Each structure stands twice: as C-alpha cells, then as structure tokens.
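This report concerns only the one structure given below.
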Amino acid sequence: MNARQPGNVVILGTGATGYTAAKVLRAEGFTGDITLIGNERGATYRRPAVSKELLLGTKSIDQVVLGPEIDDVLVRAGVTATAITDSAVQLDDGDSVPFDTLLLATGSRARQLDLPGSGHAFTLRSATDVAPLHADILRTGSLLVIGGGLIGCEAAAAARALGAEVTVVEAASAPLNRIAPQSVSRMYRELHADNGIEIHTDVAVTEIEKQTDGTLRATARDGRAWCAGTVLVSAGSVPNTELAADLGLDTRSGILVDASMQTSAAGIYAAGDVAEVPNTVLGGTYRSEHWNGAIDQATRAARSILGLDVGPLDVPWGWSTQHGINLQFAGWTSASDEFVVVRGSIEERRFTACAVRENTLVGAIGVGYPKDIRQVRSRIANRDHIDRDLLGQDWLDQPHAVVR
Ligand SMILES: Cc1cc2nc3c(=O)[nH]c(=O)nc-3n(C[C@H](O)[C@H](O)[C@H](O)COP(=O)(O)OP(=O)(O)OC[C@H]3O[C@@H](n4cnc5c(N)ncnc54)[C@H](O)[C@@H]3O)c2cc1C
C-alpha cells in the first residue's frame with residue numbers, strides 16, 4: 001500500500017458508512033488508531049430493515065447487524081458530537097477527541113413537518129423509532145402515512161401486513177415520484193390498492209388534530225381529511241450537515257466532496273447520505289441516499305485517506321421492497337421523462353424500463369430483472385450513446401414500447 005498513514009482517524013457516525021470505512025481502513029492495513037463515534041447505541045445495523053423486517057417484526061435488531069466488531073477500533077456509541085474544530089471533535093459528555101484525519105459520516109435525519117399537531121405523529125429512521133411505531137399500529141389498528149415516497153410506501157405495506165387499515169397521502173401528483181415515471185407510479189398505486197391501501201395524491205396536510213376518541217385527524221389544505229389511530233410522517237430526510245457548516249466546510253444540500261470524498265478542508269472527508277458528490281455522468285452534484293452509495297463512498301473515503309487509488313464513482317443504485325415486490329433502480333431516473341421498456345411489461349409487474357435523455361442512457365428502473373440493472377449501470381457509467389431503435393432488440397427479442 002501507499003505509505004500515507006495518518007496517526008489517527010476519527011469517524012463520526014456509526015451507520016453503514018462509518019462502520020464500512022473503519023473496516024476498509026483496517027483491511028487495507030492501516031495500523032493507527034481509529035475511533036468510531038455515534039449517537040445511536042448498539043452495533044451498526046442494516047437501516048433498510050427499519051421500514052421492512054423490523055417494522056413487520058419478522059426480524060430482531062440482532063438479525064440485521066451489519067457485521068462483527070472490527071478489531072482494534074475504539075467505538076464511542078451513545079454520544080453526540082456537538083462541535084468540530086480543525087483538530088478535535090467535541091462530545092456532549094464533555095470529552096474532546098483529537099484527530100489527524102476526520103471522516104464525517106453523519107447521515108440524515110427524518111424530516112419533521114412544521115404544522116400544528118405534528119407532535120402526535122411518528123417518524124421512522126432508526127431502530128429506536130421502530131418499536132413504539134410497531135406497538136402503536138397494533139394498538140390502534142389503523143395507520144395514516146403522510147408521504148408516499150419509498151419509506152412511506154414500505155411502512156404502509158408493513159403495517160398492512162400487520163393487519164392495520166392503511167391510507168397513504170402524498171403531496172405530489174404520484175407516489176414514488178422522485179424515482180419512478182408515471183407508469184411505474186401507477187403500477188405501485190394499483191399494487192397498494194390490490195393490498196387494501198388507498199393512496200391519495202396532491203394532498204398538502206396542514207394540521208393533525210387529536211379527536212376526543214383519541215384518533216388523529218389530518219386535514220389537507222383543500223379540506224379533505226383522514227382519520228387514523230396512528231400517523232406516520234415520512235416526508236424525506238435532512239442531511240446532518242450542521243457541524244460541517246459551522247466548521248466552515250463547503251456545503252450545499254450535503255457536505256460537498258470531490259470524487260475521493262475529500263471536503264473543502266484538508267484532512268476532513270465526508271461520505272454516505274451526508275455527502276454531496278460529483279455527478280460524473282450528468283454534471284453537477286447529488287446525494288446518493290441509498291445503501292450501496294453509502295458502502296461505495298465509505299470504501300472510497302477509507303482508500304483515499306490512505307492515499308490509495310479510488311477509481312470512478314459507482315453509478316448509484318437502490319432498491320425497495322413493498323408487498324413482496326422488489327424494485328431496483330439505477331442512475332438518475334428523474335433526469336428524463338422518457339422511459340423505454342426494454343423487457344417485460346409494467347402492467348405485469350415484471351419489467352426493465354430505461355430512462356433516455358438525448359440518446360444517452362441516464363437511468364433504469366425495474367422489477368424482476370436485477371441483471372438488467374447491473375448491465376445498465378455500466379452502460380450509464382460509460383455514457384453509452386443509445387440508438388433507441390436498437391435498445392429493445394439489444395436486450396430483448398420483442399419490440400420495445402415508449403411510455404410516459
Ligand atoms: C427506513 C429506511 C429504509 C431504507 N431502505 C433502503 C432500501 O431499501 N434500499 C436502499 O438502497 N437504501 C435504503 N435506505 C437508505 C440507506 O439505509 C442509507 O442510505 C444508509 O443507511 C446511509 O448510511 P450512512 O451511514 O451514510 O447514514 P446513517 O445510516 O444515517 O448513519 C449516520 C449515523 O450518524 C449519527 N450521527 C449523526 N449526527 C451525529 C452527531 N452529531 N454525533 C454522533 N452521531 C451522529 C446518526 O445518528 C447515525 O447513526 C433506507 C433508509 C431508511 C431510513
């Protein structure tokens with residue numbers, strides 16, 4: 001390995017990014033001190049399980065732990081960093097932890113809605129959020145989910161499987177609209193309807209009120225209202241950038257980094273949900289907000305800290321499981337509204353659809369053909385020029401359909 005060895009590395013955040021970076025540092029032969037600091041207690045777990053197996057109750061936290069303890073890593077769990085200077089992290093227990101190199105892996109938190117009565121609602125981000133929500137759903141037997149994105153829809157499906165009556169309200173005109181074209185959103189609406197869940201769109205909730213019978217009533221700006229025993233707000237996430245911004249690091253939506261995860265300050269890196277990385281395909285920057293992005297960026301950060309080659313950034317991809325259907329998506333599906341179905345059919349809930357922009361493949365979304373998504377990722381990375389007439393024949397024998 002390259003000879004660059006900082007004396008010590010402090011990693012802030014014990015999620016997938018922090019854990020993976022510590023593991024890779026040791027695997028690459030780093031012999032200095034590593035301190036992993038985080039405000040959650042217990043071992044690092046697979047956060048995607050929060051809105052799936054953990055909420056359903058089919059797995060316990062011990063069954064979704066990311067990996068074993070890493071040799072020779074000092075873990076400071078259950079403490080919050082309150083400030084960062086250019087050489088130390090201040091903790092809320094009064095300690096100050098000095099660093100030569102710092103990796104910010106502070107992730108995101110659930111977005112709260114600033115409206116009257118929002119204190120009656122749950123949010124869902126961490127393992128500690130799950131048990132009270134699970135218990136309340138079983139107690140009341142009904143759930144209203146405010147927010148029809150991936151996590152809201154997954155939580156709705158889990159609550160339905162628990163036997164609750166479930167309704168989803170979404171501010172946009174379609175569920176999953178950040179990643180899915182209208183045709184796929186429609187399919188998801190039908191999938192949820194088949195499972196007894198209604199999704200209402202264009203709903204701007206303005207108030208949540210507790211009724212005299214203990215149920216909650218959410219009222220929308222246009223006067224529509226829904227009642228349920230339990231309300232979950234699933235309105236996206238907010239990256240934890242405050243400490244970085246206070247330190248003077250460049251931030252935008254996340255902490256700005258280059259392709260080697262280096263922030264605007266020497267010796268300080270950021271990775272995972274909190275990092276805003278260069279988009280080498282479309283230009284600009286983006287935050288991954290998906291599991292594989294966290295693992296890839298953590299690996300890159302650890303290797304760059306050690307002066308090792310990191311190669312190009314992975315094309316992002318993620319997945320979601322709802323009612324037993326596994327959706328996968330890659331690239332930047334929101335960068336185009338032209339999708340070509342290259343395999344299967346959306347109506348049959350088994351398909352691969354590619355997002356094409358100016359004859360370039362920019363994203364893909366699909367159910368049932370994970371190999372397609374892998375293949376699309378390398379084509380996106382290569383910035384392959386797409387002859388749209390060949391796209392269908394290339395991957396399929398049958399002619400393709402252009403959908404909106
Ligand atoms: C409910 C849910 C379901 C998901 N499902 C999927 C899925 O199906 N597929 C997929 O691809 N992705 C999914 N994701 C996204 C994926 O889990 C995240 O992208 C990934 O976990 C991000 O990891 P991270 O380590 O960067 O951030 P995080 O996991 O957020 O970890 C950051 C850690 O830092 C801690 N921290 C923050 N500030 C401080 C501080 N000041 N002091 C101390 N500690 C601090 C936080 O408490 C947290 O423990 C899901 C996310 C959620 C919330």
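Letters A, B, ... go to the chains of the structure tokens in the order shown; residues in each chain start at 1; ligands are counted from 1 in the same order.
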
Checklist entry - Residues at most 9 Å from segment 48-57 of chain A, counting only C-alpha atoms, excluding those fewer than 3 positions away in the same chain, as a ChimeraX atom specification? => result /A:45,60-61,64,124-127,129-131,133-134,151-152,154-159,161-162,290-291,320-322

Show me, as a Markdown table, the residues of chain A having an atom within 6 Å of ligand 1, each with the closest atom pair and its distance in Å, using only C-alpha atoms and all ligand atoms.
| residue | atom | partner | partner_atom_place_in_ligand_line | distance |
| --- | --- | --- | --- | --- |
| A:Gly13 | CA | ligand 1 | 34 (O) | 3.3 |
| A:Thr14 | CA | ligand 1 | 33 (C) | 5.0 |
| A:Gly15 | CA | ligand 1 | 25 (O) | 3.5 |
| A:Ala16 | CA | ligand 1 | 25 (O) | 4.0 |
| A:Thr17 | CA | ligand 1 | 25 (O) | 3.8 |
| A:Gly18 | CA | ligand 1 | 25 (O) | 5.7 |
| A:Ile37 | CA | ligand 1 | 43 (C) | 5.9 |
| A:Gly38 | CA | ligand 1 | 44 (N) | 3.5 |
| A:Asn39 | CA | ligand 1 | 44 (N) | 4.0 |
| A:Glu40 | CA | ligand 1 | 49 (O) | 5.1 |
| A:Arg47 | CA | ligand 1 | 17 (O) | 4.4 |
| A:Pro48 | CA | ligand 1 | 5 (N) | 3.3 |
| A:Val50 | CA | ligand 1 | 1 (C) | 4.7 |
| A:Ser51 | CA | ligand 1 | 1 (C) | 4.5 |
| A:Val79 | CA | ligand 1 | 43 (C) | 5.8 |
| A:Thr80 | CA | ligand 1 | 42 (N) | 3.5 |
| A:Ala81 | CA | ligand 1 | 42 (N) | 3.9 |
| A:Thr82 | CA | ligand 1 | 41 (N) | 5.8 |
| A:Ala105 | CA | ligand 1 | 26 (O) | 5.5 |
| A:Thr106 | CA | ligand 1 | 34 (O) | 3.7 |
| A:Gly107 | CA | ligand 1 | 27 (O) | 3.3 |
| A:Ser108 | CA | ligand 1 | 30 (O) | 4.7 |
| A:Leu124 | CA | ligand 1 | 1 (C) | 5.9 |
| A:Arg125 | CA | ligand 1 | 53 (C) | 4.0 |
| A:Ile151 | CA | ligand 1 | 3 (C) | 5.6 |
| A:Asn240 | CA | ligand 1 | 38 (N) | 5.8 |
| A:Gly272 | CA | ligand 1 | 26 (O) | 3.4 |
| A:Asp273 | CA | ligand 1 | 26 (O) | 4.0 |
| A:Glu289 | CA | ligand 1 | 19 (O) | 4.0 |
| A:His290 | CA | ligand 1 | 19 (O) | 3.4 |
| A:Trp291 | CA | ligand 1 | 11 (O) | 3.9 |
| A:Asn292 | CA | ligand 1 | 11 (O) | 5.9 |
| A:Ala294 | CA | ligand 1 | 26 (O) | 5.1 |
| A:Gly318 | CA | ligand 1 | 11 (O) | 3.8 |
| A:Trp319 | CA | ligand 1 | 9 (N) | 4.5 |
| A:Ser320 | CA | ligand 1 | 8 (O) | 4.3 |

Checklist entry - What are the DSSP strand (DSSP E or B) residues of segment 139-384 of chain A, as number ranges by chain? => result A: 142-146, 165-169, 198-200, 205-210, 216-220, 225-228, 230-233, 237-239, 251, 255-256, 262, 268-270, 275-278, 285-286, 317-322, 325-331, 339-345, 350-357, 360-367

Next on the checklist: Give me, as a VMD selection string, all polymer residues having an atom no more than 8 Å from segment 91-104 of chain A, counting only C-alpha atoms and skipping those fewer than 2 positions away in the same chain.
Outcome noted: chain A and resid 6 to 13 18 79 to 83 87 to 89 106 267 to 271 274 301 305

Checklist entry - Which of these residues is nearest to Asp202 of chain A, using only C-alpha atoms: A:Gly78, A:Gly214, A:Gly148, A:Gly229? => result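 Between A:Gly78, A:Gly214, A:Gly148, A:Gly229, the residue approaching Asp202 of chain A most closely is A:Gly148.
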
Among segment 11-124 of chain A, which ones does DSSP assign to alpha helix (DSSP H) (computed from the backbone)? Answer as a PDB file with N, CA and C atoms, in the first residue's frame.
ATOM      1  N   ALA A  16     -23.877   2.656   8.267  1.00  0.00           N
ATOM      2  CA  ALA A  16     -23.197   1.809   7.277  1.00  0.00           C
ATOM      3  C   ALA A  16     -21.901   2.450   6.796  1.00  0.00           C
ATOM      4  N   THR A  17     -21.918   3.777   6.625  1.00  0.00           N
ATOM      5  CA  THR A  17     -20.737   4.464   6.097  1.00  0.00           C
ATOM      6  C   THR A  17     -19.593   4.418   7.105  1.00  0.00           C
ATOM      7  N   GLY A  18     -19.888   4.807   8.343  1.00  0.00           N
ATOM      8  CA  GLY A  18     -18.831   4.841   9.360  1.00  0.00           C
ATOM      9  C   GLY A  18     -18.247   3.465   9.597  1.00  0.00           C
ATOM     10  N   TYR A  19     -19.129   2.465   9.751  1.00  0.00           N
ATOM     11  CA  TYR A  19     -18.683   1.092  10.024  1.00  0.00           C
ATOM     12  C   TYR A  19     -17.809   0.583   8.868  1.00  0.00           C
ATOM     13  N   THR A  20     -18.315   0.771   7.634  1.00  0.00           N
ATOM     14  CA  THR A  20     -17.597   0.238   6.466  1.00  0.00           C
ATOM     15  C   THR A  20     -16.235   0.914   6.307  1.00  0.00           C
ATOM     16  N   ALA A  21     -16.189   2.218   6.546  1.00  0.00           N
ATOM     17  CA  ALA A  21     -14.907   2.926   6.404  1.00  0.00           C
ATOM     18  C   ALA A  21     -13.891   2.372   7.403  1.00  0.00           C
ATOM     19  N   ALA A  22     -14.328   2.128   8.647  1.00  0.00           N
ATOM     20  CA  ALA A  22     -13.402   1.590   9.655  1.00  0.00           C
ATOM     21  C   ALA A  22     -12.905   0.213   9.217  1.00  0.00           C
ATOM     22  N   LYS A  23     -13.846  -0.594   8.699  1.00  0.00           N
ATOM     23  CA  LYS A  23     -13.486  -1.950   8.273  1.00  0.00           C
ATOM     24  C   LYS A  23     -12.462  -1.908   7.128  1.00  0.00           C
ATOM     25  N   VAL A  24     -12.711  -1.015   6.168  1.00  0.00           N
ATOM     26  CA  VAL A  24     -11.817  -0.951   5.000  1.00  0.00           C
ATOM     27  C   VAL A  24     -10.445  -0.405   5.420  1.00  0.00           C
ATOM     28  N   LEU A  25     -10.432   0.577   6.331  1.00  0.00           N
ATOM     29  CA  LEU A  25      -9.137   1.097   6.798  1.00  0.00           C
ATOM     30  C   LEU A  25      -8.281  -0.040   7.365  1.00  0.00           C
ATOM     31  N   ARG A  26      -8.896  -0.877   8.203  1.00  0.00           N
ATOM     32  CA  ARG A  26      -8.137  -1.999   8.793  1.00  0.00           C
ATOM     33  C   ARG A  26      -7.770  -3.021   7.717  1.00  0.00           C
ATOM     34  N   ALA A  27      -8.724  -3.313   6.820  1.00  0.00           N
ATOM     35  CA  ALA A  27      -8.463  -4.321   5.778  1.00  0.00           C
ATOM     36  C   ALA A  27      -7.321  -3.874   4.862  1.00  0.00           C
ATOM     37  N   GLU A  53     -38.335  -5.525   7.628  1.00  0.00           N
ATOM     38  CA  GLU A  53     -38.397  -6.633   8.596  1.00  0.00           C
ATOM     39  C   GLU A  53     -38.576  -6.155  10.040  1.00  0.00           C
ATOM     40  N   LEU A  54     -37.924  -5.048  10.425  1.00  0.00           N
ATOM     41  CA  LEU A  54     -38.032  -4.605  11.826  1.00  0.00           C
ATOM     42  C   LEU A  54     -39.430  -4.089  12.123  1.00  0.00           C
ATOM     43  N   LEU A  55     -40.010  -3.337  11.182  1.00  0.00           N
ATOM     44  CA  LEU A  55     -41.361  -2.821  11.416  1.00  0.00           C
ATOM     45  C   LEU A  55     -42.387  -3.970  11.380  1.00  0.00           C
ATOM     46  N   LEU A  56     -42.142  -4.904  10.478  1.00  0.00           N
ATOM     47  CA  LEU A  56     -43.019  -6.074  10.410  1.00  0.00           C
ATOM     48  C   LEU A  56     -42.891  -6.953  11.655  1.00  0.00           C
TER      49      LEU A  56
END

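One finds atom CA of Asp33 of chain A at 23.9 Å from atom CA of Val257 of chain A.
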
Item to check | Between atom CA of Glu190 of chain A and atom CA of Glu165 of chain A, distance in Å (one decimal) | outcome: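 That distance, rounded to one decimal, is 16.4 Å.
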
Item to check | d(atom CA of Arg189 of chain A, atom CA of Glu348 of chain A) in Å | outcome: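 These two atoms are separated by 13.7 Å.
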
Next on the checklist: Give me, as a PyMOL selection string, all polymer residues having an atom no more than 7 Å from segment 372-389 of chain A, counting only C-alpha atoms and skipping those fewer than 6 positions away in the same chain.
Outcome noted: chain A and resi 281+315+329-331+352+359-362+364

Generate the output file for the selected residues, C-alpha atoms, as a short mmCIF file (atom, residue, chain, number, x, y, z; two decimals), in the first residue's frame.
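To be explicit, this is the file written out as selection35.cif:
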data_model
loop_
_atom_site.label_atom_id
_atom_site.label_comp_id
_atom_site.auth_asym_id
_atom_site.auth_seq_id
_atom_site.Cartn_x
_atom_site.Cartn_y
_atom_site.Cartn_z
CA VAL A 281 -22.23 11.43 -15.94
CA VAL A 315 -23.36 4.80 -10.69
CA PHE A 329 -33.35 1.46 -9.85
CA ALA A 330 -30.07 2.85 -11.06
CA GLY A 331 -28.62 6.11 -12.28
CA THR A 352 -36.96 -3.15 -17.05
CA ASN A 359 -29.90 9.42 -26.86
CA THR A 360 -27.96 8.70 -23.70
CA LEU A 361 -28.96 6.20 -21.08
CA VAL A 362 -29.29 8.05 -17.76
CA ALA A 364 -33.24 2.46 -15.26
#

Checklist entry - Taking into account only C-alpha atoms, which residue in the set A:Ser336, A:Ser253, A:Gln297, A:Ser185 is nearest to Arg349 of chain A? => result A:Ser185

Item to check | Polymer residues at most 10 Å from Ala225 of chain A, only C-alpha atoms, same-chain spacing of 6 or more positions, as an NGL selection string | outcome: :A and (203 or 205 or 207-208 or 217-219)

Given the selection you just returned, output its residues as a file containing N, CA and C atoms, formatted as a compact mmCIF listing (two decimals), in the first residue's frame.
# COMPACT_ATOMS: atom_id res chain seq x y z
N VAL A 203 -52.04 16.03 -1.91
CA VAL A 203 -52.57 16.30 -0.56
C VAL A 203 -51.52 17.10 0.23
N VAL A 205 -51.09 18.33 3.69
CA VAL A 205 -51.63 18.29 5.06
C VAL A 205 -51.25 19.57 5.79
N GLU A 207 -52.73 20.25 9.10
CA GLU A 207 -52.95 20.14 10.54
C GLU A 207 -53.23 18.69 10.92
N ILE A 208 -52.72 18.30 12.10
CA ILE A 208 -53.09 16.99 12.65
C ILE A 208 -53.72 17.27 14.02
N ARG A 217 -56.78 13.19 13.32
CA ARG A 217 -57.42 13.62 12.08
C ARG A 217 -56.44 14.55 11.36
N ALA A 218 -56.09 14.18 10.14
CA ALA A 218 -55.18 15.02 9.34
C ALA A 218 -56.01 15.75 8.30
N THR A 219 -55.91 17.07 8.29
CA THR A 219 -56.71 17.87 7.37
C THR A 219 -55.79 18.46 6.31

Checklist outcome for this item: Using only C-alpha atoms, the residue out of A:Arg221, A:Arg111, A:Arg303, A:Arg76 with shortest distance to Gln5 of chain A is A:Arg303
